[in-house]
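Trainee: This is the structure I have questions about; it appears just below.
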There are 2 protein chains.
Amino acid sequence: MINRLIARIQQTGAPIVVGLDPMMKFIPPQIQEAAFALHGETLEGAAEAIWQYNKGIVDAVCDLIPAVKPQIAMYEQFGVPGVIAFKKTVDYCKEKGLVVIGDVKRGDIGSTSEAYAVGHLGRVQVGQNTCCGFDEDFVTVNPYLGSDGVKPFIKVCREEKKGIFVLVKTSNPSSGELQDKLVDGRPVYELVGEQVAAWGEECMGDSYSYVGAVVGATYPEQGRILRQIMPRAFILVPGYGAQGGRGADLVHFFNRDGLGAIINSSRGIIAAYQQEKYAGYGAANYADASRAAVLDMREDIARALASAGSGR
Amino acid sequence: MINRLIARIQQTGAPIVVGLDPMMKFIPPQIQEAAFALHGETLEGAAEAIWQYNKGIVDAVCDLIPAVKPQIAMYEQFGVPGVIAFKKTVDYCKEKGLVVIGDVKRGDIGSTSEAYAVGHLGRVQVGQNTCCGFDEDFVTVNPYLGSDGVKPFIKVCREEKKGIFVLVKTSNPSSGELQDKLVDGRPVYELVGEQVAAWGEECMGDSYSYVGAVVGATYPEQGRILRQIMPRAFILVPGYGAQGGRGADLVHFFNRDGLGAIINSSRGIIAAYQQEKYAGYGAANYADASRAAVLDMREDIARALASAGSGR
C-alpha cells in the first residue's frame with residue numbers, strides 16, 4: 001500500500017491528502033436542508049448531510065490527489081449514523097481509486113490494539129469466515145502505550161500490505177507538553193521517531209516502510225530532525241493551511257528524492273468556499289472551490305520544493 | 001457522575017468495574033450458533049452474538065457492581081455492526097442503572113478532541129436540535145497530545161457532569177518504554193499524573209474529581225506514588241486477574257477513606273466459565289460463572305483492603 005501511495009503521488013504530482021473532516025458548520029445549507037428533509041434534524045440527518053457533502057468533494061478532487069484522510073472523530077460525534085457515514089466514505093473513496101488513511105489515532109494494550117488493527121486494516125474471524133470491518137488502507141496510531149500497543153498493527157500491515165502512521169510530533173500548540181520533554185537531553189519525539197524507524201525496518205515496501213509517522217507542519221525544525229532519524233518513513237504532515245503551516249515550512253519533511261512526505265489539508269480544502277479567496281464560488285459550488293484549493297495547494301508545495309531543490 | 005459512581009460503589013460494596021470486552025473465543029457456542037442462524041457468519045452475526053453474550057452477563061451481575069467498561073476496540077473489530085452492538089450495550093447497561101465507562105482511549109488536537117468529547121459524552125448540534133451520539137458516562141482519554149487534547153473533554157464533563165480517566169501508567173508490559181522515561185529525574189507518568197491533578201481541580205464532584213486516571217494493577221508501586229500525586233482523582237485500575245494483578249497489589253491505589261479506585265476485570269469475569277475454577281458452570285451457564293467470579297473478586301479486594309486497613 002505504501003508503494004501504491006507513492007505511485008499515486010507520482011502520478012498526480014501532488015503529495016497531498018485531503019482531510020475529510022466534516023463539521024456541520026462547513027456543510028452548505030442546500031445539503032443540510034435536503035438531508036434534514038429526509039431524516040429530520042437527527043443524527044441520521046447529520047450523517048446523510050456529511051455523506052453527501054463528502055461525496056461532492058471527492059467527486060470534484062479525486063483525479064487530483066492520491067489520498068484522503070477521514071478523521072473518525074468528526075463522524076463519531078454523530079454516533080452510530082456518523083460511523084455508518086464514515087464507512088460509506090471509506091468505501092466510496094476506495095472505489096474512486098483513492099488511498100484511504102483512517103485518522104483514528106488508536107492505540108491500546110496488546111490484545112486490544114490487535115482488535116483495532118483487525119477492525120480497521122485487517123479481517124476478523126467470524127465462524128469459518130473472515131470479514132473486513134472498516135477496511136482503510138492506513139491508520140494513524142498513538143504510541144503512548146509503547147511497542148506492544150503498536151506491534152499488533154504492524155503484524156496486520158505485514159499480512160495485508162497496509163500501513164500506519166505513528167504519532168510522533170503532533171501539530172497542536174500543546175504537543176510539546178509531553179512530546180518535547182527531554183529524556184537524557186533528547187526530546188520524547190526523537191525517541192519515538194527512533195522507534196518508528198526501528199519498527200519500520202521490519203515492514204518495508206520498495207523504497208519506504210509501511211510504518212510512517214505523523215509530524216505537524218507547524219513544527220518544521222522538528223520535521224527536519226525527524227526526517228533524518230526516520231529516513232525510510234513516510235511522514236504524514238497535518239497542520240498545513242488553517243493551522244498555520246505554509247509551503248516553505250514543508251521542505252524539510254521531504255527527502256531529496258522529492259518523496260517521503262504527504263501533506264494534509266482539511267478545512268482549507270473542504271471548506272474552501274467559506275474563505276475569502278474562494279468565496280466567489282458560493283455555497284452551491286463548494287466542491288469547485290475545493291478543487292481550486294487543491295490546485296493552489298499543489299502549486300504552493302511544488303514551488304516550495306522547486307526553490308528548495310535549487311537551494312540545497 | 002463521579003458522585004453517582006461513588007454512591008454505587010458504596011451501595012454495592014464493590015469497587016469493581018466489569019470490562020465488557022467480548023471476543024468470539026469467549027462466546028459460548030449456543031450463542032454463536034443462534035446468532036449465525038439469524039445472520040450467517042457475518043459481521044452482523046458476530047455483533048448479534050456479542051450483544052446477546054453481553055446481555056446475559058449484565059443481567060447476571062448488574063446488582064453486584066457499580067459500573068461496566070466496554071472496550072470499544074472489541075466492537076470496532078466487527079465494523080459498523082460491532083459499533084451498533086457497542087451502542088446497544090451502553091444503552092442497556094444504563095437502563096440497568098450501571099455507570100458506563102467507555103474505554104475508547106481517544107485523544108487528538110483540540111477541535112478533534114472536542115468532536116470525540118461531544119460524541120461520547122455530550123450532545124452534538126444538528127440544526128436546531130441537540131442529539132446524543134454514544135452517551136457514555138465516562139471515557140478514557142490518551143494524553144499524548146497534551147492539554148489541548150484533553151481540555152475539550154473536561155469542558156464537556158463540566159457541562160454534562162460526566163467524567164474522564166486519563167491514561168497515566170498503563171497495565172501492559174511495554175508501558176514503560178515511554179511512560180517511565182525520566183524527565184529531570186522524574187518519570188513521564190508522574191508528570192502526567194500532576195497534570196491530571198491540576199485538570200481535576202477545575203472539575204470537582206463532592207469529594208473526588210470528574211478527571212480520573214488509569215493506572216495498571218500490574219504497577220502497584222507506581223500506583224502508590226500516583227495516589228499521592230493525585231489525591232482527589234479516582235483511579236481506574238486495569239490489569240487485575242488475567243493480566244496478573246492481585247488483590248494485595250491494589251491496596252495502594254485506594255485512599256484511606258476506602259475510596260479512590262475502581263478495579264477492572266474483563267476476561268476474568270466475562271469468560272470465567274473458561275477458567276478451571278468456574279468450569280463446573282459450563283458454557284450454558286456462563287453468566288452464572290461470571291456472577292461467581294464477581295463475588296470472588298469483591299471478596300478478594302475487601303480482604304486485601306481490610307488487612308491493609310489494620311496494617312496502615
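Order determines the names: the first chain of the C-alpha cells is A, the second B, and so forth; residues in each chain are numbered 1 upward, and ligands are numbered 1 upward as they are shown.
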For chain B against chain A, which residues fall within 6 Å using only C-alpha atoms, given as an mmCIF file with N, CA and C atoms, in the first residue's frame?
Mentor:
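Dumped to result06.cif:
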```
data_model
loop_
_atom_site.group_PDB
_atom_site.id
_atom_site.type_symbol
_atom_site.label_atom_id
_atom_site.label_comp_id
_atom_site.auth_asym_id
_atom_site.auth_seq_id
_atom_site.Cartn_x
_atom_site.Cartn_y
_atom_site.Cartn_z
ATOM 1 N N GLU B 41 -22.538 -16.200 9.159
ATOM 2 C CA GLU B 41 -21.217 -15.922 9.748
ATOM 3 C C GLU B 41 -20.701 -14.614 9.166
ATOM 4 N N ALA B 73 -12.702 -1.144 21.133
ATOM 5 C CA ALA B 73 -11.924 -1.881 20.109
ATOM 6 C C ALA B 73 -12.548 -3.232 19.811
ATOM 7 N N MET B 74 -13.068 -3.869 20.865
ATOM 8 C CA MET B 74 -13.610 -5.209 20.697
ATOM 9 C C MET B 74 -14.896 -5.192 19.872
ATOM 10 N N GLU B 76 -15.334 -2.394 17.488
ATOM 11 C CA GLU B 76 -14.878 -1.875 16.195
ATOM 12 C C GLU B 76 -14.296 -2.973 15.310
ATOM 13 N N GLN B 77 -13.787 -4.032 15.954
ATOM 14 C CA GLN B 77 -13.228 -5.105 15.129
ATOM 15 C C GLN B 77 -14.302 -5.717 14.221
ATOM 16 N N PHE B 78 -15.566 -5.542 14.590
ATOM 17 C CA PHE B 78 -16.659 -6.052 13.763
ATOM 18 C C PHE B 78 -17.325 -4.934 12.957
ATOM 19 N N GLY B 79 -16.574 -3.856 12.721
ATOM 20 C CA GLY B 79 -17.044 -2.796 11.842
ATOM 21 C C GLY B 79 -18.309 -2.124 12.352
ATOM 22 N N ILE B 109 -5.973 16.558 18.492
ATOM 23 C CA ILE B 109 -5.819 18.004 18.618
ATOM 24 C C ILE B 109 -7.152 18.606 19.028
ATOM 25 N N ALA B 115 -14.771 16.959 19.141
ATOM 26 C CA ALA B 115 -15.747 16.096 18.466
ATOM 27 C C ALA B 115 -15.876 14.752 19.196
ATOM 28 N N TYR B 116 -14.762 14.193 19.630
ATOM 29 C CA TYR B 116 -14.842 12.939 20.402
ATOM 30 C C TYR B 116 -15.613 13.152 21.697
ATOM 31 N N VAL B 118 -17.825 15.424 22.452
ATOM 32 C CA VAL B 118 -19.235 15.621 22.150
ATOM 33 C C VAL B 118 -19.892 14.287 21.789
ATOM 34 N N GLY B 119 -19.215 13.502 20.982
ATOM 35 C CA GLY B 119 -19.797 12.248 20.500
ATOM 36 C C GLY B 119 -19.953 11.198 21.583
ATOM 37 N N VAL B 126 -27.453 19.586 15.762
ATOM 38 C CA VAL B 126 -27.908 19.231 14.407
ATOM 39 C C VAL B 126 -29.096 20.130 14.102
ATOM 40 N N GLY B 127 -28.857 21.118 13.260
ATOM 41 C CA GLY B 127 -29.907 22.106 13.012
ATOM 42 C C GLY B 127 -30.281 22.789 14.325
ATOM 43 N N GLY B 133 -24.696 11.185 20.828
ATOM 44 C CA GLY B 133 -24.094 10.152 19.985
ATOM 45 C C GLY B 133 -24.041 8.825 20.724
ATOM 46 N N PHE B 134 -22.958 8.601 21.463
ATOM 47 C CA PHE B 134 -22.803 7.324 22.164
ATOM 48 C C PHE B 134 -23.233 7.426 23.631
ATOM 49 N N LEU B 145 -1.157 14.051 23.267
ATOM 50 C CA LEU B 145 -1.194 15.329 22.547
ATOM 51 C C LEU B 145 -1.193 16.546 23.468
ATOM 52 N N GLY B 146 -1.118 16.316 24.782
ATOM 53 C CA GLY B 146 -1.030 17.439 25.709
ATOM 54 C C GLY B 146 -2.391 18.014 26.064
ATOM 55 N N ASP B 148 -4.225 20.526 25.204
ATOM 56 C CA ASP B 148 -5.319 20.928 24.326
ATOM 57 C C ASP B 148 -6.033 19.742 23.690
ATOM 58 N N ASN B 172 0.140 -2.567 30.549
ATOM 59 C CA ASN B 172 0.828 -3.503 29.651
ATOM 60 C C ASN B 172 2.336 -3.526 29.874
ATOM 61 N N SER B 174 4.964 -3.131 27.978
ATOM 62 C CA SER B 174 5.829 -2.109 27.374
ATOM 63 C C SER B 174 5.416 -0.690 27.743
ATOM 64 N N SER B 175 4.530 -0.524 28.703
ATOM 65 C CA SER B 175 4.077 0.837 29.015
ATOM 66 C C SER B 175 5.239 1.729 29.424
ATOM 67 N N GLU B 177 8.159 1.992 28.141
ATOM 68 C CA GLU B 177 9.026 2.491 27.066
ATOM 69 C C GLU B 177 8.930 3.998 26.944
ATOM 70 N N LEU B 182 12.624 9.144 32.097
ATOM 71 C CA LEU B 182 12.872 10.163 33.118
ATOM 72 C C LEU B 182 13.049 11.537 32.491
ATOM 73 N N VAL B 183 12.309 12.477 33.011
ATOM 74 C CA VAL B 183 12.415 13.872 32.602
ATOM 75 C C VAL B 183 12.844 14.645 33.851
#
```
Trainee: Name the residues in contact with region 199-204 of chain B at a cut-off of 12 Å, using only C-alpha atoms, excluding same-chain residues fewer than 3 positions from it; report them as a PyMOL selection string.
Mentor: chain B and resi 1-3+143+146-148+150-166+192-196+207-213+229-234
Trainee: By how many Å are CA of Ile31 (chain A) and CA of Asn285 (chain A) apart?
Mentor: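 Rounded to one decimal, the two atoms are 11.4 Å apart.
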Trainee: Tell me, as an MDAnalysis selection string, which residues lie within 12 Å of Arg224 (chain B), counting only C-alpha atoms; anything in the same chain fewer than 2 positions away does not count.
Mentor: chainID B and resid 169 190 193 215:222 226:231 235 249:255 260:261
Trainee: Please identify which residues in region 48-269 of chain B DSSP calls alpha helix (DSSP H) from the backbone, and express them as JSON, numbers by chain.
Mentor: {"B": [48, 49, 50, 51, 52, 53, 54, 55, 56, 57, 58, 59, 60, 61, 73, 74, 75, 76, 79, 80, 81, 82, 83, 84, 85, 86, 87, 88, 89, 90, 91, 92, 93, 94, 95, 110, 111, 112, 113, 114, 115, 116, 117, 118, 119, 120, 147, 148, 149, 150, 151, 152, 153, 154, 155, 156, 157, 158, 159, 160, 176, 177, 178, 179, 188, 189, 190, 191, 192, 193, 194, 195, 196, 197, 198, 199, 200, 201, 220, 221, 222, 223, 224, 225, 226, 227, 228, 229, 267, 268, 269]}
Trainee: For a test of reading the model, state the distance in Å between CA of Arg291 (chain A) and CA of Asp63 (chain A), rounded to one decimal.
Mentor: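 Separation between CA of Arg291 (chain A) and CA of Asp63 (chain A): 9.9 Å.
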Trainee: Extract, using only C-alpha atoms, all DNA, RNA and protein residues at most 9 Å from Lys69 (chain A), discarding same-chain residues fewer than 4 positions from it, and format them as a list in words.
Mentor: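 Those residues are Val17, Val18, Gly19, Leu20, Asp21, Val99, Val100, Ile101, Gly102, Asp103, Val139, Asn264 and Ser266 of chain A.
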Trainee: What would the file look like if the residues just selected were written as a compact mmCIF listing (two decimals), in the first residue's frame with C-alpha atoms?
Mentor:
```txt
# COMPACT_ATOMS: atom_id res chain seq x y z
CA VAL A 17 -4.02 14.22 1.31
CA VAL A 18 -7.41 15.83 1.74
CA GLY A 19 -8.74 15.59 5.27
CA LEU A 20 -12.41 14.66 5.08
CA ASP A 21 -13.28 16.10 8.48
CA VAL A 99 -5.79 5.62 -0.83
CA VAL A 100 -7.69 5.97 2.45
CA ILE A 101 -5.89 6.97 5.62
CA GLY A 102 -8.22 6.45 8.58
CA ASP A 103 -7.25 9.12 11.08
CA VAL A 139 -4.49 4.29 10.03
CA ASN A 264 -2.76 17.05 4.80
CA SER A 266 -8.68 19.54 5.88
```
Trainee: Mind checking DSSP for region 89-264 of chain B and telling me the strand (DSSP E) residues as an MDAnalysis selection string?
Mentor: chainID B and resid 99:106 123:126 129:132 138:141 163:169 182:183 186:187 211:215 235:237 261:264
Trainee: Can you work out the spacing between CA of Ala287 (chain B) and CA of Ile57 (chain B) in Å, to one decimal?
Mentor: 4.9 Å
Trainee: Set the distance at 6 Å and use only C-alpha atoms: which residues neighbour Tyr240 (chain A) once local chain neighbours fewer than 4 positions away are removed? I'd like the list as a list in words.
Mentor: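 Non-adjacent residues within range: Ala217, Gly244, Gly245, Arg246 and Ser265 of chain A.
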Trainee: Which is closer to Gly97 (chain A) than all the others in A:Leu259, A:Ala7, A:Ala37, A:Ala306, using only C-alpha atoms?
Mentor: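 Nearest to Gly97 (chain A): A:Ala7.
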